[in-house]
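Structure first, commentary second.
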Amino acid sequence: MPEFVWGGAETQFRYLVTYAESHRWNMDVIIEHRFKKEDVLLKKTRQKAKFINFYELDAGTGSGKVLQGVIRHILKSVLKKKYTICLINYLEDLVIAPYLRMLGIQVVYSERIDAAAIVESKEYQKCLSFCNCILANSEYGQRALEQLTGRKVGLIRNGKPVVPMLPGKEDRRINRILVPARIAPDKNQMLMLQFLKQYPEFDGKIVFAGVTGHRSYLGKLRQFVRKYRLNDKVEFLGHVEELQEEYQKADLVILPSFSEGTPNVILEAYAYGRPVIVSDIGPMEDIVSDVRLRFGVKNPDEIRACMQYVERMSVEDYQRLLKENRAYVMKNYRIEKMAEGFAKILRIC
């Protein structure tokens with residue numbers, strides 16, 4: 001993995017690692033450190049682990065250096081132990097698949113949000129052909145990869161811990177909007193600021209919660225806030241380890257991304273009992289089926305229309321929506337189900 005703590009894919013990987021440790025899997029984990037050099041949670045997890053071995057690379061942002069480090073580690077380890085299967089979770093690591101096969105190691109590729117990128121890249125498609133097994137984490141990704149490869153693609157949905165449903169709010173007006181996502185261009189936070197500029201009558205606040213994945217983009221967002229005097233309506237929280245308090249305060253959760261797999265934050269909002277509206281991109285259709293809760297990735301007007309739809313729902317319809325959303329997550333996105341799916345694949349591939 002590129003990091004142990006970064007975005008949604010890393011969160012899912014941590015759930016898998018925790019399950020693997022508790023079930024005594026014989027597994028080595030390579031953390032490449034593509035984006036940062038230190039990680040407090042990784043250090044604590046590494047110290048407590050008895051069955052899983054962690055290896056950290058000081059890779060930086062250069063993909064070539066990253067891949068050289070991974071291959072070097074594997075070649076050194078081959079002399080001491082025999083790897084049988086390698087699970088790849090990050091798109092750029094897919095290029096090592098041919099080398100792994102040359103070493104007699106089976107390759108499982110677990111797609112997170114990469115289906116569209118693979119469709120557009122001949123290089124990634126060729127590397128994908130070396131994989132013994134291909135997995136997707138959404139029905140959208142599964143369909144796209146099956147159509148592209150002509151192969152059967154497995155589906156392993158994300159896992160989420162069981163959390164309590166938060167108390168509902170009597171006041172249905174939307175005054176506080178939570179946008180929980182890594183700060184980066186593909187997460188499209190700028191659209192939310194454009195919404196504030198276009199609708200000055202909205203007197204609430206938009207709260208951005210997420211690690212800074214792109215410093216220059218964060219600079220553009222802050223510059224926009226200053227230029228249009230939106231300081232009182234915007235808050236940047238940075239990385240928040242536990243978002244329950246923010247979900248509790250939020251009247252609405254919005255995800256305006258250009259690209260996603262199965263967003264953990266939508267599942268969390270569903271489980272906590274908070275309404276969600278999202279950008280109208282392919283993967284979102286699987287978990288936000290009502291088109292009235294989806295908006296165009298470049299259209300602030302449609303955000304406003306979605307908000308009004310939520311505010312104007314009857315009490316009965318609103319409560320039904322929240323209960324059905326939570327039930328959907330509890331049924332389909334359990335951590336045990338996700339981890340057991342990987343366990344089955346890694347044993348039979």
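Residue numbers start at 1 in each chain; chains themselves are named A, B, ... in the order of the structure tokens; ligands are numbered from 1 in the order shown.
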- Message: Let's see if you can do this: from backbone DSSP, list all helix (DSSP H, G or I) residues in range 5-60 of chain A, as a list in words.
- Response: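 Of range 5-60 of chain A, the ones in helix (DSSP H, G or I) are Gly8, Ala9, Glu10, Thr11, Gln12, Phe13, Arg14, Tyr15, Leu16, Val17, Thr18, Tyr19, Ala20, Glu21, Ser22, Val40, Leu41, Leu42, Lys43, Lys44, Thr45, Arg46, Gln47 and Lys48 of chain A.
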Shell of 10 Å around Leu128 in chain A, only C-alpha atoms, local chain residues under 6 positions omitted, as an mmCIF file with N, CA, C and O atoms, in the first residue's frame:
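Result file follows (around.cif):
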data_model
loop_
_atom_site.group_PDB
_atom_site.id
_atom_site.type_symbol
_atom_site.label_atom_id
_atom_site.label_comp_id
_atom_site.auth_asym_id
_atom_site.auth_seq_id
_atom_site.Cartn_x
_atom_site.Cartn_y
_atom_site.Cartn_z
ATOM 1 N N LEU A 91 -3.077 1.125 -7.828
ATOM 2 C CA LEU A 91 -3.005 1.014 -9.279
ATOM 3 C C LEU A 91 -1.575 1.044 -9.813
ATOM 4 O O LEU A 91 -1.187 0.220 -10.653
ATOM 5 N N LEU A 94 0.552 -2.007 -10.011
ATOM 6 C CA LEU A 94 0.169 -3.064 -10.936
ATOM 7 C C LEU A 94 1.301 -3.404 -11.914
ATOM 8 O O LEU A 94 1.364 -4.521 -12.437
ATOM 9 N N VAL A 95 2.201 -2.456 -12.148
ATOM 10 C CA VAL A 95 3.273 -2.688 -13.137
ATOM 11 C C VAL A 95 4.279 -3.741 -12.665
ATOM 12 O O VAL A 95 5.092 -4.211 -13.482
ATOM 13 N N ALA A 97 3.326 -6.643 -11.595
ATOM 14 C CA ALA A 97 2.687 -7.952 -11.766
ATOM 15 C C ALA A 97 3.496 -8.895 -12.665
ATOM 16 O O ALA A 97 3.684 -10.074 -12.314
ATOM 17 N N PRO A 98 4.018 -8.443 -13.825
ATOM 18 C CA PRO A 98 4.799 -9.364 -14.665
ATOM 19 C C PRO A 98 6.033 -9.915 -13.956
ATOM 20 O O PRO A 98 6.377 -11.091 -14.120
ATOM 21 N N VAL A 107 -0.653 -13.336 -8.417
ATOM 22 C CA VAL A 107 -0.979 -11.924 -8.204
ATOM 23 C C VAL A 107 -2.488 -11.735 -8.146
ATOM 24 O O VAL A 107 -3.219 -12.172 -9.045
ATOM 25 N N VAL A 108 -2.934 -11.082 -7.088
ATOM 26 C CA VAL A 108 -4.339 -10.686 -6.947
ATOM 27 C C VAL A 108 -4.393 -9.167 -6.975
ATOM 28 O O VAL A 108 -3.735 -8.510 -6.157
ATOM 29 N N TYR A 109 -5.160 -8.614 -7.901
ATOM 30 C CA TYR A 109 -5.312 -7.157 -7.956
ATOM 31 C C TYR A 109 -6.679 -6.775 -7.413
ATOM 32 O O TYR A 109 -7.713 -7.259 -7.881
ATOM 33 N N ILE A 118 -7.859 2.230 -15.676
ATOM 34 C CA ILE A 118 -7.390 1.043 -16.383
ATOM 35 C C ILE A 118 -7.975 0.984 -17.783
ATOM 36 O O ILE A 118 -7.291 0.646 -18.751
ATOM 37 N N LYS A 122 -3.468 1.392 -21.883
ATOM 38 C CA LYS A 122 -3.042 0.124 -22.465
ATOM 39 C C LYS A 122 -1.982 -0.546 -21.584
ATOM 40 O O LYS A 122 -1.927 -1.776 -21.487
ATOM 41 N N ILE A 134 -8.690 -10.925 -10.357
ATOM 42 C CA ILE A 134 -9.023 -9.505 -10.345
ATOM 43 C C ILE A 134 -10.259 -9.317 -9.475
ATOM 44 O O ILE A 134 -11.257 -10.029 -9.624
ATOM 45 N N LEU A 145 -14.571 -3.766 -15.494
ATOM 46 C CA LEU A 145 -13.394 -4.615 -15.678
ATOM 47 C C LEU A 145 -13.738 -5.915 -16.393
ATOM 48 O O LEU A 145 -12.921 -6.440 -17.164
ATOM 49 N N THR A 149 -11.817 -6.867 -19.821
ATOM 50 C CA THR A 149 -10.917 -8.017 -19.866
ATOM 51 C C THR A 149 -11.542 -9.276 -20.450
ATOM 52 O O THR A 149 -10.829 -10.190 -20.871
#
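With only C-alpha atoms as the atoms that count, the residue of A:Arg312, A:Lys205, A:Arg320, A:Arg226 with the shortest distance to Arg173 in chain A is A:Arg312.
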- Skipping near chain neighbours, those fewer than 2 positions away, what residues fall within 7 Å of range 251-264 of chain A using only C-alpha atoms, listed as a VMD selection string? chain A and resid 8 112 to 113 137 to 138 174 to 179 186 to 189 249 266 to 268 274 to 279 283 297
Store the residues picked out above in a file with N, CA and C atoms, as a compact mmCIF listing (two decimals), in the first residue's frame.
# COMPACT_ATOMS: atom_id res chain seq x y z
N GLY A 8 -9.68 6.34 1.89
CA GLY A 8 -10.62 5.25 2.12
C GLY A 8 -10.04 3.88 1.85
N ARG A 112 -9.80 -0.40 -6.39
CA ARG A 112 -10.48 0.47 -5.44
C ARG A 112 -11.29 1.54 -6.16
N ILE A 113 -10.62 2.42 -6.90
CA ILE A 113 -11.34 3.45 -7.69
C ILE A 113 -10.71 3.54 -9.07
N ASN A 137 -14.40 -3.48 -5.90
CA ASN A 137 -15.12 -3.23 -4.64
C ASN A 137 -16.47 -2.57 -4.88
N SER A 138 -16.87 -2.49 -6.16
CA SER A 138 -18.20 -1.97 -6.48
C SER A 138 -18.73 -2.72 -7.70
N ILE A 174 -31.11 22.60 6.57
CA ILE A 174 -29.71 22.24 6.41
C ILE A 174 -28.85 23.46 6.72
N ASN A 175 -28.18 23.42 7.85
CA ASN A 175 -27.32 24.52 8.27
C ASN A 175 -25.84 24.14 8.31
N ARG A 176 -25.57 22.86 8.46
CA ARG A 176 -24.18 22.41 8.53
C ARG A 176 -23.98 21.22 7.59
N ILE A 177 -23.09 21.41 6.62
CA ILE A 177 -22.81 20.39 5.61
C ILE A 177 -21.41 19.84 5.85
N LEU A 178 -21.30 18.53 5.91
CA LEU A 178 -20.01 17.87 6.07
C LEU A 178 -19.56 17.31 4.73
N VAL A 179 -18.32 17.66 4.33
CA VAL A 179 -17.72 17.12 3.11
C VAL A 179 -16.48 16.33 3.54
N ASP A 186 -9.46 15.60 -7.56
CA ASP A 186 -10.45 14.59 -7.95
C ASP A 186 -11.61 14.51 -6.96
N LYS A 187 -11.44 15.10 -5.77
CA LYS A 187 -12.54 15.11 -4.80
C LYS A 187 -13.45 16.32 -5.00
N ASN A 188 -13.00 17.29 -5.82
CA ASN A 188 -13.90 18.35 -6.33
C ASN A 188 -14.50 19.24 -5.25
N GLN A 189 -13.71 19.56 -4.22
CA GLN A 189 -14.22 20.44 -3.16
C GLN A 189 -14.54 21.84 -3.69
N LYS A 249 -23.01 16.43 14.28
CA LYS A 249 -23.32 17.85 14.09
C LYS A 249 -23.88 18.15 12.69
N ILE A 266 -19.70 7.55 2.71
CA ILE A 266 -21.13 7.38 2.47
C ILE A 266 -21.67 6.27 3.36
N LEU A 267 -20.92 5.17 3.42
CA LEU A 267 -21.34 4.06 4.27
C LEU A 267 -21.42 4.49 5.73
N GLU A 268 -20.45 5.29 6.17
CA GLU A 268 -20.45 5.78 7.55
C GLU A 268 -21.67 6.66 7.81
N ARG A 274 -27.39 9.73 8.73
CA ARG A 274 -27.35 11.08 8.19
C ARG A 274 -27.64 11.04 6.69
N PRO A 275 -28.43 11.98 6.17
CA PRO A 275 -28.73 11.99 4.73
C PRO A 275 -27.49 12.34 3.92
N VAL A 276 -27.45 11.82 2.70
CA VAL A 276 -26.29 12.00 1.83
C VAL A 276 -26.74 12.39 0.44
N ILE A 277 -26.02 13.33 -0.19
CA ILE A 277 -26.17 13.58 -1.62
C ILE A 277 -24.78 13.51 -2.23
N VAL A 278 -24.71 13.06 -3.49
CA VAL A 278 -23.42 12.77 -4.10
C VAL A 278 -23.40 13.20 -5.56
N SER A 279 -22.19 13.26 -6.11
CA SER A 279 -22.04 13.56 -7.53
C SER A 279 -22.56 12.38 -8.36
N PRO A 283 -19.96 4.91 -10.19
CA PRO A 283 -19.93 4.09 -8.97
C PRO A 283 -20.97 4.49 -7.93
N VAL A 297 -21.28 16.98 -11.61
CA VAL A 297 -20.00 17.32 -10.98
C VAL A 297 -19.58 18.77 -11.22
- Query: What separation in Å, quoted to one decimal, exists between CA of Arg24 in chain A and CA of Ala343 in chain A?
  - Reply: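 About the pair CA of Arg24 in chain A and CA of Ala343 in chain A: they are 11.6 Å apart.
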- Report the distance between CA of Leu230 in chain A and CA of Met192 in chain A in Å, rounded to one decimal place.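 Distance reported for this atom pair: 11.4 Å.
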Please identify which residues in range 49-253 of chain A DSSP calls strand (DSSP E or B) from the backbone, and express them as a compact mmCIF listing (two decimals) with N, CA, C and O atoms, in the first residue's frame.
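Result file is part.txt:
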# COMPACT_ATOMS: atom_id res chain seq x y z
N ILE A 52 1.86 -10.58 11.78
CA ILE A 52 2.07 -9.85 10.52
C ILE A 52 3.36 -9.06 10.61
O ILE A 52 3.62 -8.38 11.61
N ASN A 53 4.16 -9.12 9.55
CA ASN A 53 5.40 -8.35 9.47
C ASN A 53 5.18 -7.13 8.61
O ASN A 53 4.62 -7.22 7.50
N PHE A 54 5.60 -5.97 9.10
CA PHE A 54 5.48 -4.72 8.35
C PHE A 54 6.85 -4.29 7.85
O PHE A 54 7.85 -4.33 8.59
N TYR A 55 6.90 -3.88 6.59
CA TYR A 55 8.12 -3.36 5.99
C TYR A 55 7.81 -1.97 5.42
O TYR A 55 6.86 -1.81 4.64
N GLU A 56 8.57 -0.99 5.82
CA GLU A 56 8.35 0.38 5.38
C GLU A 56 9.45 0.82 4.42
O GLU A 56 10.64 0.65 4.70
N ILE A 85 1.59 -15.64 -2.87
CA ILE A 85 0.58 -14.73 -3.43
C ILE A 85 0.91 -13.30 -3.02
O ILE A 85 1.32 -13.04 -1.89
N CYS A 86 0.71 -12.36 -3.94
CA CYS A 86 0.86 -10.94 -3.64
C CYS A 86 -0.46 -10.24 -3.92
O CYS A 86 -1.02 -10.36 -5.02
N LEU A 87 -0.97 -9.53 -2.93
CA LEU A 87 -2.19 -8.74 -3.07
C LEU A 87 -1.81 -7.29 -3.36
O LEU A 87 -1.14 -6.65 -2.54
N ILE A 88 -2.20 -6.79 -4.52
CA ILE A 88 -1.91 -5.41 -4.92
C ILE A 88 -3.17 -4.57 -4.77
O ILE A 88 -4.21 -4.90 -5.33
N GLN A 106 1.83 -15.74 -7.45
CA GLN A 106 0.51 -15.42 -7.98
C GLN A 106 0.12 -14.00 -7.57
O GLN A 106 0.49 -13.54 -6.49
N VAL A 107 -0.65 -13.34 -8.42
CA VAL A 107 -0.98 -11.92 -8.20
C VAL A 107 -2.49 -11.73 -8.15
O VAL A 107 -3.22 -12.17 -9.05
N VAL A 108 -2.93 -11.08 -7.09
CA VAL A 108 -4.34 -10.69 -6.95
C VAL A 108 -4.39 -9.17 -6.97
O VAL A 108 -3.74 -8.51 -6.16
N TYR A 109 -5.16 -8.61 -7.90
CA TYR A 109 -5.31 -7.16 -7.96
C TYR A 109 -6.68 -6.78 -7.41
O TYR A 109 -7.71 -7.26 -7.88
N SER A 110 -6.69 -5.90 -6.41
CA SER A 110 -7.93 -5.45 -5.79
C SER A 110 -8.18 -4.00 -6.19
O SER A 110 -7.55 -3.08 -5.67
N CYS A 133 -5.95 -13.17 -10.49
CA CYS A 133 -7.30 -12.88 -9.99
C CYS A 133 -7.51 -11.37 -9.95
O CYS A 133 -6.60 -10.63 -9.57
N ILE A 134 -8.69 -10.92 -10.36
CA ILE A 134 -9.02 -9.50 -10.34
C ILE A 134 -10.26 -9.32 -9.47
O ILE A 134 -11.26 -10.03 -9.62
N LEU A 135 -10.19 -8.34 -8.57
CA LEU A 135 -11.30 -8.05 -7.67
C LEU A 135 -11.72 -6.60 -7.82
O LEU A 135 -10.89 -5.72 -8.09
N ALA A 136 -13.00 -6.32 -7.65
CA ALA A 136 -13.53 -4.95 -7.63
C ALA A 136 -14.26 -4.74 -6.31
O ALA A 136 -14.69 -5.71 -5.67
N GLY A 154 -14.12 -10.75 -9.48
CA GLY A 154 -14.78 -10.94 -8.20
C GLY A 154 -15.23 -9.62 -7.59
O GLY A 154 -14.70 -8.56 -7.90
N LEU A 155 -16.22 -9.69 -6.73
CA LEU A 155 -16.73 -8.50 -6.04
C LEU A 155 -16.59 -8.70 -4.53
O LEU A 155 -17.17 -9.63 -3.97
N LYS A 160 -17.43 -2.15 7.08
CA LYS A 160 -17.55 -1.04 8.03
C LYS A 160 -17.87 -1.58 9.41
O LYS A 160 -18.64 -2.53 9.56
N ARG A 176 -25.57 22.86 8.46
CA ARG A 176 -24.18 22.41 8.53
C ARG A 176 -23.98 21.22 7.59
O ARG A 176 -24.62 20.18 7.75
N ILE A 177 -23.09 21.41 6.62
CA ILE A 177 -22.81 20.39 5.61
C ILE A 177 -21.41 19.84 5.85
O ILE A 177 -20.44 20.59 5.96
N LEU A 178 -21.30 18.53 5.91
CA LEU A 178 -20.01 17.87 6.07
C LEU A 178 -19.56 17.31 4.73
O LEU A 178 -20.30 16.58 4.06
N VAL A 179 -18.32 17.66 4.33
CA VAL A 179 -17.72 17.12 3.11
C VAL A 179 -16.48 16.33 3.54
O VAL A 179 -15.39 16.89 3.67
N PRO A 180 -16.61 15.04 3.78
CA PRO A 180 -15.51 14.24 4.33
C PRO A 180 -14.71 13.56 3.21
O PRO A 180 -15.08 12.50 2.72
N ILE A 183 -8.34 16.23 0.61
CA ILE A 183 -8.31 17.46 -0.18
C ILE A 183 -7.47 17.23 -1.43
O ILE A 183 -6.24 17.11 -1.37
N LYS A 205 -22.89 26.52 7.17
CA LYS A 205 -21.45 26.32 7.07
C LYS A 205 -21.16 25.00 6.37
O LYS A 205 -21.85 24.00 6.58
N ILE A 206 -20.10 25.01 5.56
CA ILE A 206 -19.58 23.80 4.94
C ILE A 206 -18.27 23.42 5.62
O ILE A 206 -17.36 24.25 5.71
N VAL A 207 -18.20 22.20 6.10
CA VAL A 207 -17.03 21.72 6.83
C VAL A 207 -16.31 20.68 5.99
O VAL A 207 -16.89 19.64 5.64
N PHE A 208 -15.04 20.95 5.66
CA PHE A 208 -14.22 20.00 4.91
C PHE A 208 -13.36 19.22 5.91
O PHE A 208 -12.59 19.81 6.66
N ALA A 209 -13.49 17.90 5.90
CA ALA A 209 -12.72 17.05 6.81
C ALA A 209 -11.95 16.03 5.99
O ALA A 209 -12.55 15.18 5.33
N THR A 212 -4.76 16.55 3.71
CA THR A 212 -4.38 17.32 2.53
C THR A 212 -3.56 16.44 1.60
O THR A 212 -2.40 16.12 1.87
N VAL A 234 -17.03 28.57 5.84
CA VAL A 234 -16.17 27.44 5.48
C VAL A 234 -15.23 27.11 6.63
O VAL A 234 -14.69 28.01 7.28
N GLU A 235 -15.03 25.82 6.85
CA GLU A 235 -14.07 25.38 7.86
C GLU A 235 -13.28 24.19 7.31
O GLU A 235 -13.86 23.24 6.79
N PHE A 236 -11.94 24.26 7.41
CA PHE A 236 -11.07 23.16 7.02
C PHE A 236 -10.56 22.48 8.29
O PHE A 236 -9.79 23.07 9.04
N LEU A 237 -10.98 21.25 8.52
CA LEU A 237 -10.59 20.55 9.74
C LEU A 237 -9.29 19.77 9.59
O LEU A 237 -8.65 19.44 10.59
N GLY A 238 -8.88 19.47 8.36
CA GLY A 238 -7.74 18.59 8.17
C GLY A 238 -8.15 17.16 8.47
O GLY A 238 -9.33 16.79 8.47
N LEU A 252 -26.30 17.34 6.76
CA LEU A 252 -26.22 16.70 5.44
C LEU A 252 -24.76 16.38 5.15
O LEU A 252 -23.86 17.15 5.52
N VAL A 253 -24.53 15.24 4.50
CA VAL A 253 -23.19 14.87 4.05
C VAL A 253 -23.17 14.93 2.53
O VAL A 253 -24.08 14.40 1.87
